[in-house]
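File shown: start.txt (compact mmCIF, C-alpha atoms).
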```txt
# COMPACT_ATOMS: atom_id res chain seq x y z
CA MET A 1 154.33 256.29 41.39
CA GLY A 2 152.15 253.18 41.56
CA LYS A 3 153.00 249.66 42.62
CA LYS A 4 155.08 247.35 40.46
CA GLN A 5 152.69 245.47 38.17
CA LEU A 6 152.75 241.87 37.00
CA PHE A 7 152.15 242.98 33.41
CA SER A 8 150.66 245.66 31.21
CA GLY A 9 148.92 244.94 27.92
CA ALA A 10 147.11 241.70 27.09
CA GLY A 11 146.94 238.70 29.37
CA VAL A 12 145.06 235.65 28.14
CA ALA A 13 142.56 233.86 30.38
CA ILE A 14 143.62 230.58 28.84
CA VAL A 15 141.27 227.65 28.27
CA THR A 16 142.04 224.26 29.83
CA PRO A 17 141.95 221.64 27.05
CA MET A 18 140.37 218.28 27.83
CA HIS A 19 140.66 214.76 26.46
CA PRO A 20 137.42 213.05 25.34
CA ASP A 21 137.30 211.32 28.75
CA GLY A 22 137.34 214.72 30.46
CA SER A 23 140.89 214.63 31.79
CA VAL A 24 143.21 217.59 31.24
CA ASN A 25 145.07 217.39 27.92
CA TYR A 26 148.53 218.69 28.85
CA GLU A 27 150.01 218.09 25.40
CA VAL A 28 147.48 220.42 23.76
CA PHE A 29 147.85 222.82 26.69
CA GLU A 30 151.56 223.17 25.88
CA ASP A 31 150.68 223.90 22.24
CA LEU A 32 148.19 226.59 23.29
CA ILE A 33 150.78 228.22 25.56
CA GLU A 34 153.37 228.23 22.75
CA PHE A 35 150.78 229.73 20.37
CA GLN A 36 150.11 232.52 22.86
CA ILE A 37 153.76 233.36 23.44
CA ALA A 38 154.60 233.23 19.73
CA ASN A 39 151.81 235.74 19.12
CA GLY A 40 152.97 238.33 21.60
CA ILE A 41 150.77 237.73 24.65
CA ASP A 42 151.96 239.69 27.69
CA ALA A 43 150.86 237.27 30.44
CA ILE A 44 149.03 233.97 30.92
CA ILE A 45 146.24 233.68 33.47
CA VAL A 46 145.76 229.99 34.21
CA CYS A 47 142.81 228.34 35.97
CA GLY A 48 140.49 231.31 35.84
CA THR A 49 136.82 231.25 34.87
CA THR A 50 137.73 230.56 31.23
CA GLY A 51 140.04 227.75 32.40
CA GLU A 52 137.10 225.99 34.12
CA ALA A 53 138.86 226.14 37.49
CA SER A 54 135.65 225.57 39.41
CA SER A 55 135.22 222.09 37.88
CA LEU A 56 138.84 220.97 38.33
CA SER A 57 139.84 218.93 41.35
CA ASP A 58 142.45 220.56 43.58
CA GLU A 59 145.06 218.15 42.21
CA GLU A 60 144.17 218.98 38.59
CA HIS A 61 144.01 222.68 39.39
CA LEU A 62 147.50 222.75 40.88
CA ASP A 63 148.99 220.40 38.28
CA THR A 64 147.62 222.66 35.51
CA ILE A 65 149.21 225.70 37.15
CA GLU A 66 152.52 223.85 37.52
CA HIS A 67 152.43 222.65 33.92
CA CYS A 68 151.81 226.19 32.74
CA VAL A 69 154.69 227.57 34.83
CA LYS A 70 157.11 224.96 33.50
CA THR A 71 156.05 225.39 29.87
CA VAL A 72 156.20 229.18 30.01
CA ASN A 73 159.62 229.01 31.71
CA LYS A 74 159.67 232.69 32.74
CA ARG A 75 159.04 234.02 29.21
CA VAL A 76 155.93 235.88 30.42
CA PRO A 77 154.31 236.13 33.86
CA VAL A 78 151.99 233.30 34.93
CA ILE A 79 149.10 234.39 37.14
CA ALA A 80 147.18 231.61 38.88
CA GLY A 81 143.48 231.76 39.58
CA THR A 82 143.16 230.39 43.12
CA GLY A 83 140.03 232.11 44.41
CA SER A 84 137.42 230.31 46.47
CA ASN A 85 134.27 231.01 48.45
CA ASP A 86 136.04 229.33 51.39
CA THR A 87 138.89 231.52 52.63
CA MET A 88 141.01 228.67 53.99
CA HIS A 89 140.58 226.65 50.79
CA GLY A 90 141.64 229.66 48.72
CA LEU A 91 144.57 230.25 51.04
CA GLU A 92 145.85 226.67 50.73
CA LEU A 93 145.42 226.66 46.92
CA SER A 94 147.26 229.98 46.75
CA LYS A 95 150.15 228.77 48.93
CA GLU A 96 150.56 225.70 46.76
CA ALA A 97 150.37 227.76 43.55
CA SER A 98 153.20 229.89 44.94
CA ILE A 99 155.28 226.79 45.70
CA ARG A 100 154.69 225.59 42.14
CA GLY A 101 156.07 228.82 40.72
CA ALA A 102 153.19 231.17 39.93
CA ASP A 103 154.28 234.80 39.59
CA GLY A 104 151.03 236.19 40.97
CA LEU A 105 147.47 235.36 41.96
CA LEU A 106 144.01 236.17 40.61
CA GLN A 107 141.49 236.23 43.48
CA VAL A 108 137.80 236.27 42.63
CA THR A 109 135.26 237.46 45.18
CA PRO A 110 133.57 234.67 47.14
CA TYR A 111 130.55 233.27 45.29
CA TYR A 112 127.27 231.68 46.39
CA ASN A 113 127.73 232.37 50.11
CA LYS A 114 129.06 235.82 49.04
CA THR A 115 129.95 238.08 51.98
CA ASN A 116 129.60 241.64 53.21
CA GLN A 117 132.21 244.27 52.31
CA SER A 118 134.15 243.96 55.58
CA GLY A 119 134.29 240.21 54.99
CA LEU A 120 135.75 240.85 51.55
CA VAL A 121 138.58 242.92 53.03
CA SER A 122 139.32 240.23 55.63
CA HIS A 123 139.10 237.41 53.06
CA PHE A 124 141.53 238.94 50.56
CA THR A 125 143.89 240.25 53.23
CA LYS A 126 144.19 236.87 54.96
CA ILE A 127 145.09 235.11 51.71
CA VAL A 128 147.54 237.73 50.47
CA ASP A 129 149.28 238.00 53.86
CA ALA A 130 149.70 234.22 54.04
CA VAL A 131 151.07 233.78 50.53
CA GLY A 132 153.09 236.93 49.82
CA LEU A 133 152.54 237.08 46.04
CA PRO A 134 151.32 240.12 44.09
CA THR A 135 147.60 239.71 43.70
CA ILE A 136 144.97 240.86 41.20
CA LEU A 137 141.43 241.04 42.56
CA TYR A 138 138.60 239.87 40.29
CA ASN A 139 135.18 241.51 40.30
CA VAL A 140 132.60 239.61 38.23
CA PRO A 141 129.15 240.15 39.77
CA SER A 142 127.30 238.25 37.02
CA ARG A 143 128.95 235.05 38.25
CA THR A 144 129.42 235.67 41.96
CA GLY A 145 126.33 237.64 42.92
CA MET A 146 128.34 240.39 44.62
CA THR A 147 130.52 243.36 43.76
CA ILE A 148 133.57 245.05 45.25
CA LYS A 149 132.42 248.57 46.13
CA ALA A 150 134.66 251.55 45.47
CA ASP A 151 135.30 252.22 49.18
CA THR A 152 136.23 248.56 49.65
CA TYR A 153 138.69 248.81 46.77
CA ARG A 154 140.16 251.86 48.48
CA ALA A 155 140.74 249.89 51.68
CA LEU A 156 142.25 246.93 49.80
CA ALA A 157 144.47 249.21 47.68
CA ASP A 158 146.41 250.12 50.83
CA HIS A 159 147.83 246.57 50.90
CA PRO A 160 151.27 246.57 49.20
CA LEU A 161 150.67 243.21 47.49
CA ILE A 162 147.14 243.92 46.21
CA VAL A 163 148.36 245.51 43.01
CA ALA A 164 145.41 245.48 40.58
CA THR A 165 141.88 244.40 39.82
CA LYS A 166 140.26 242.63 36.90
CA GLU A 167 137.00 244.53 36.45
CA ALA A 168 134.35 242.43 34.73
CA SER A 169 131.36 244.25 36.17
CA GLY A 170 130.73 245.96 32.83
CA ASP A 171 129.77 249.06 34.83
CA ILE A 172 131.86 251.94 33.49
CA SER A 173 130.48 254.36 36.08
CA HIS A 174 131.59 252.03 38.88
CA ILE A 175 135.03 251.57 37.30
CA THR A 176 135.38 255.34 36.92
CA ASN A 177 134.71 255.75 40.64
CA VAL A 178 137.28 253.05 41.46
CA ALA A 179 139.89 254.76 39.28
CA ALA A 180 139.15 258.12 40.96
CA ILE A 181 139.31 256.84 44.51
CA CYS A 182 142.26 254.44 44.18
CA LYS A 183 144.46 256.35 41.71
CA ASP A 184 147.94 254.79 41.40
CA ASP A 185 147.42 252.50 44.39
CA LEU A 186 145.39 250.01 42.34
CA ALA A 187 145.82 249.29 38.63
CA ILE A 188 142.78 248.26 36.58
CA TYR A 189 142.55 245.57 33.91
CA SER A 190 139.46 245.23 31.78
CA GLY A 191 137.77 241.90 32.33
CA ASN A 192 135.62 242.35 29.23
CA ASP A 193 137.02 242.31 25.71
CA ASP A 194 134.46 244.86 24.50
CA GLN A 195 135.71 247.43 27.05
CA ILE A 196 139.49 247.44 26.53
CA VAL A 197 139.69 250.98 25.15
CA PRO A 198 137.14 252.47 27.56
CA ILE A 199 139.04 251.11 30.57
CA LEU A 200 142.43 252.12 29.16
CA SER A 201 140.97 255.62 28.79
CA LEU A 202 140.32 255.65 32.55
CA GLY A 203 143.98 254.86 33.22
CA GLY A 204 143.68 251.08 32.98
CA ILE A 205 146.80 249.13 32.06
CA GLY A 206 145.44 246.22 30.02
CA ILE A 207 143.02 243.35 29.61
CA ILE A 208 142.63 239.84 30.98
CA SER A 209 141.13 238.49 27.81
CA VAL A 210 138.95 235.63 26.61
CA MET A 211 139.21 236.72 22.97
CA ALA A 212 143.01 236.41 23.13
CA ASN A 213 142.58 232.64 23.09
CA VAL A 214 141.74 233.16 19.40
CA ILE A 215 143.53 236.39 18.43
CA PRO A 216 146.35 237.01 20.94
CA GLN A 217 148.40 239.23 18.62
CA GLU A 218 145.46 241.49 17.85
CA VAL A 219 144.40 241.87 21.49
CA HIS A 220 148.01 242.67 22.40
CA GLU A 221 148.03 245.25 19.60
CA ILE A 222 144.84 246.97 20.79
CA CYS A 223 146.55 247.57 24.13
CA ALA A 224 149.99 248.39 22.72
CA LEU A 225 148.60 250.99 20.31
CA TYR A 226 146.60 252.71 23.04
CA LEU A 227 149.49 252.71 25.50
CA ALA A 228 151.73 254.17 22.76
CA GLY A 229 149.32 257.07 22.28
CA ARG A 230 147.83 255.77 19.03
CA VAL A 231 144.31 255.94 20.38
CA GLN A 232 142.37 256.09 17.11
CA GLU A 233 144.08 253.00 15.72
CA SER A 234 143.44 251.15 18.97
CA LEU A 235 139.77 252.12 18.87
CA GLU A 236 139.44 251.00 15.26
CA MET A 237 140.77 247.55 16.20
CA GLN A 238 138.50 247.39 19.26
CA LEU A 239 135.49 248.01 17.01
CA GLN A 240 136.72 245.72 14.22
CA TYR A 241 136.76 242.72 16.55
CA LEU A 242 133.53 243.52 18.39
CA PRO A 243 131.41 241.13 16.27
CA LEU A 244 133.90 238.31 16.96
CA ASN A 245 133.82 239.10 20.67
CA ASN A 246 130.03 239.09 20.66
CA ALA A 247 130.02 235.69 18.96
CA LEU A 248 132.44 234.34 21.58
CA PHE A 249 129.90 235.32 24.24
CA CYS A 250 126.79 234.01 22.47
CA ASP A 251 126.62 231.34 25.18
CA VAL A 252 128.11 230.93 28.64
CA ASN A 253 131.89 231.44 28.68
CA PRO A 254 134.00 229.37 27.99
CA ILE A 255 131.68 227.22 25.86
CA PRO A 256 131.97 229.30 22.64
CA VAL A 257 135.67 230.19 22.95
CA LYS A 258 136.62 226.57 23.51
CA GLU A 259 134.76 225.68 20.31
CA ALA A 260 136.59 228.51 18.53
CA VAL A 261 139.92 227.07 19.66
CA ASN A 262 138.80 223.68 18.32
CA LEU A 263 137.85 225.27 14.99
CA MET A 264 141.39 226.69 14.74
CA GLY A 265 142.77 223.16 14.84
CA HIS A 266 143.74 222.89 18.51
CA ALA A 267 142.06 219.87 20.13
CA ALA A 268 140.75 221.73 23.19
CA GLY A 269 137.84 219.32 23.56
CA GLN A 270 134.53 220.01 25.26
CA CYS A 271 133.82 221.84 28.49
CA ARG A 272 133.16 219.80 31.59
CA LEU A 273 129.66 219.45 32.91
CA PRO A 274 127.67 221.33 34.05
CA LEU A 275 128.72 223.40 31.00
CA GLY A 276 126.80 221.98 28.04
CA GLN A 277 127.84 221.76 24.42
CA LEU A 278 127.44 224.69 22.04
CA GLY A 279 124.27 224.55 19.95
CA ASP A 280 124.43 224.30 16.16
CA ALA A 281 123.23 227.86 15.52
CA SER A 282 125.76 229.29 17.95
CA ARG A 283 128.56 227.18 16.47
CA GLU A 284 127.68 228.47 13.01
CA ARG A 285 127.75 232.06 14.33
CA VAL A 286 131.21 231.59 15.87
CA GLN A 287 132.49 229.92 12.70
CA ALA A 288 131.05 232.67 10.45
CA GLU A 289 132.67 235.46 12.47
CA MET A 290 136.00 233.66 12.52
CA LYS A 291 135.84 233.32 8.72
CA LYS A 292 135.05 237.03 8.36
CA GLN A 293 138.18 237.83 10.36
CA GLY A 294 140.29 235.49 8.22
CA LEU A 295 140.88 233.04 11.05
CA LEU A 296 139.51 230.04 9.17
CA ALA A 297 139.88 228.92 5.59
```
Would you write out, as structure tokens, the structure that this file holds?
Amino acid sequence: MGKKQLFSGAGVAIVTPMHPDGSVNYEVFEDLIEFQIANGIDAIIVCGTTGEASSLSDEEHLDTIEHCVKTVNKRVPVIAGTGSNDTMHGLELSKEASIRGADGLLQVTPYYNKTNQSGLVSHFTKIVDAVGLPTILYNVPSRTGMTIKADTYRALADHPLIVATKEASGDISHITNVAAICKDDLAIYSGNDDQIVPILSLGGIGIISVMANVIPQEVHEICALYLAGRVQESLEMQLQYLPLNNALFCDVNPIPVKEAVNLMGHAAGQCRLPLGQLGDASRERVQAEMKKQGLLA
């Protein structure tokens, strides 16, 4: 029997909407949260990569988490991205996120200064011990320049509050090794929308999804069908939405998905610098795929 999990199924890595002046637009944020819950999302992951956490001030970061917690009001779990490349900074953010009501934490590996594998174990353990919330690790080497090795996962999986990982390495062989070595001691979420079914087939329990910003019900359904044993139907949906997913990653995330949310009529605004605006050709590609899927008139 594995550890108690924060959620199974589809969690959305929700965008952080901005006013034209760059400040956080909490009114639109509430609308986006309500849209997600009305469409069957299983959890909300706030202030992750897609939420532009790295360009929010600490005050904005924590206020956005608190606003999410209050708006959700216990209807689904709220998981707060509070990772940092500075252990003490991540620890303080995580403590404050806990005070403000987050149900769990998402902890990315340190970036830029990176670390060795023993440093990773110490970094995550120090934060989790200090805060006491169930924690999902986050492995995304394309952004951080480092990976959590399978043996390191095995060591971290012994911690009772390190319950899962979001695997965005894209490396199915690596994820297979992690699943084999950690078994029920560490659940796995796909961190890539084009790998939901492959990771569920390895015993994964869901997705932390960018695409769910646009199609929450459908991403929930891909997971629900698979977990109910309806594998072929789940696979068909995975493949049906692959062109949309590819369009949403035609530029650096979250630039395209934020534009997609705008196209749906939610005033999510632009990304903060250094993330630039989406080019015309890429915008047309996103719009065309959304029309094909019946998401736009």
List every residue of range 83-190 of chain A that has an atom at most 9 Å from any atom of range 39-59 of chain A, giving for each one its closest atom pair and the distance in Å to one decimal, counting only C-alpha atoms, sorted by chain and then by ascending residue number, as JSON lines.
```
{"residue": "A:Gly83", "atom": "CA", "partner": "A:Gly48", "partner_atom": "CA", "distance": 8.6}
{"residue": "A:Ser84", "atom": "CA", "partner": "A:Ser54", "partner_atom": "CA", "distance": 8.7}
{"residue": "A:Leu93", "atom": "CA", "partner": "A:Asp58", "partner_atom": "CA", "distance": 7.6}
{"residue": "A:Leu105", "atom": "CA", "partner": "A:Ile45", "partner_atom": "CA", "distance": 8.7}
{"residue": "A:Leu106", "atom": "CA", "partner": "A:Gly48", "partner_atom": "CA", "distance": 7.7}
{"residue": "A:Val108", "atom": "CA", "partner": "A:Gly48", "partner_atom": "CA", "distance": 8.8}
```
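Nearest to Ala267 in chain A of all the residues A:Pro198, A:Pro243, A:Gly170, A:Pro17 is A:Pro17, counting only C-alpha atoms.
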Handout entry: Of the listed residues A:Tyr241, A:Phe29, A:Tyr111, A:Tyr153, that which approaches Val72 in chain A most closely, counting all atoms listed in the file
Key =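 Among the listed residues, A:Phe29 lies closest to Val72 in chain A.
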message: For a test of reading the model, state the distance in Å between CA of Val210 in chain A and CA of Gly145 in chain A, rounded to one decimal.
response: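 Computing the Euclidean distance for CA of Val210 in chain A and CA of Gly145 in chain A yields 20.7 Å.
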Find the residues near range 280-297 of chain A: any atom within 12 Å, counting only C-alpha atoms, skip ones fewer than 2 places away on the same chain, and give them as a short mmCIF file (atom, residue, chain, number, x, y, z; two decimals) with C-alpha atoms, in the coordinates of the input.
```cif
data_model
loop_
_atom_site.label_atom_id
_atom_site.label_comp_id
_atom_site.auth_asym_id
_atom_site.auth_seq_id
_atom_site.Cartn_x
_atom_site.Cartn_y
_atom_site.Cartn_z
CA MET A 211 139.21 236.72 22.97
CA VAL A 214 141.74 233.16 19.40
CA ILE A 215 143.53 236.39 18.43
CA PRO A 216 146.35 237.01 20.94
CA GLU A 218 145.46 241.49 17.85
CA MET A 237 140.77 247.55 16.20
CA GLN A 240 136.72 245.72 14.22
CA TYR A 241 136.76 242.72 16.55
CA LEU A 242 133.53 243.52 18.39
CA PRO A 243 131.41 241.13 16.27
CA LEU A 244 133.90 238.31 16.96
CA ASN A 245 133.82 239.10 20.67
CA ASN A 246 130.03 239.09 20.66
CA ALA A 247 130.02 235.69 18.96
CA LEU A 248 132.44 234.34 21.58
CA PHE A 249 129.90 235.32 24.24
CA CYS A 250 126.79 234.01 22.47
CA ASP A 251 126.62 231.34 25.18
CA VAL A 252 128.11 230.93 28.64
CA ILE A 255 131.68 227.22 25.86
CA PRO A 256 131.97 229.30 22.64
CA VAL A 257 135.67 230.19 22.95
CA LYS A 258 136.62 226.57 23.51
CA GLU A 259 134.76 225.68 20.31
CA ALA A 260 136.59 228.51 18.53
CA VAL A 261 139.92 227.07 19.66
CA ASN A 262 138.80 223.68 18.32
CA LEU A 263 137.85 225.27 14.99
CA MET A 264 141.39 226.69 14.74
CA GLY A 265 142.77 223.16 14.84
CA GLN A 277 127.84 221.76 24.42
CA LEU A 278 127.44 224.69 22.04
#
```
**OP:** Skip range 99-104 of chain A itself and residues of its chain fewer than 5 positions away, then list as an NGL selection string all residues within 8 Å of it, counting all atoms listed in the file.
**Re:** :A and (6 or 62 or 65-66 or 69 or 77-80 or 133-136)
>> Considering only C-alpha atoms, can you say which of A:Thr16, A:Ser122, A:Leu275, A:Leu202 comes closest to His174 in chain A?
In response: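 Nearest candidate to His174 in chain A out of A:Thr16, A:Ser122, A:Leu275, A:Leu202: A:Leu202.
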**Asked** Which residues, written as a ChimeraX atom specification, have at least one atom at most 12 Å from Asp31 in chain A, with all atoms listed in the file counted and residues fewer than 2 positions away on the same chain left out?
**Response** /A:14-17,25-29,33-38,67-68,71-72,213,261,265-268
Next, dump the selected residues to file, keeping only C-alpha atoms, as a compact mmCIF listing (two decimals), in the coordinates of the input.
```
# COMPACT_ATOMS: atom_id res chain seq x y z
CA ILE A 14 143.62 230.58 28.84
CA VAL A 15 141.27 227.65 28.27
CA THR A 16 142.04 224.26 29.83
CA PRO A 17 141.95 221.64 27.05
CA ASN A 25 145.07 217.39 27.92
CA TYR A 26 148.53 218.69 28.85
CA GLU A 27 150.01 218.09 25.40
CA VAL A 28 147.48 220.42 23.76
CA PHE A 29 147.85 222.82 26.69
CA ILE A 33 150.78 228.22 25.56
CA GLU A 34 153.37 228.23 22.75
CA PHE A 35 150.78 229.73 20.37
CA GLN A 36 150.11 232.52 22.86
CA ILE A 37 153.76 233.36 23.44
CA ALA A 38 154.60 233.23 19.73
CA HIS A 67 152.43 222.65 33.92
CA CYS A 68 151.81 226.19 32.74
CA THR A 71 156.05 225.39 29.87
CA VAL A 72 156.20 229.18 30.01
CA ASN A 213 142.58 232.64 23.09
CA VAL A 261 139.92 227.07 19.66
CA GLY A 265 142.77 223.16 14.84
CA HIS A 266 143.74 222.89 18.51
CA ALA A 267 142.06 219.87 20.13
CA ALA A 268 140.75 221.73 23.19
```
Separating CA of Met18 in chain A from CA of Gly279 in chain A, to the nearest tenth of an Å, is a gap of 19.0 Å
Between A:Asn192, A:Glu221, A:Ile175, A:Asp129, smallest distance to Ile162 in chain A by only C-alpha atoms belongs to A:Asp129
CA of Gly269 in chain A sits from CA of Lys166 in chain A at a separation of 27.0 Å
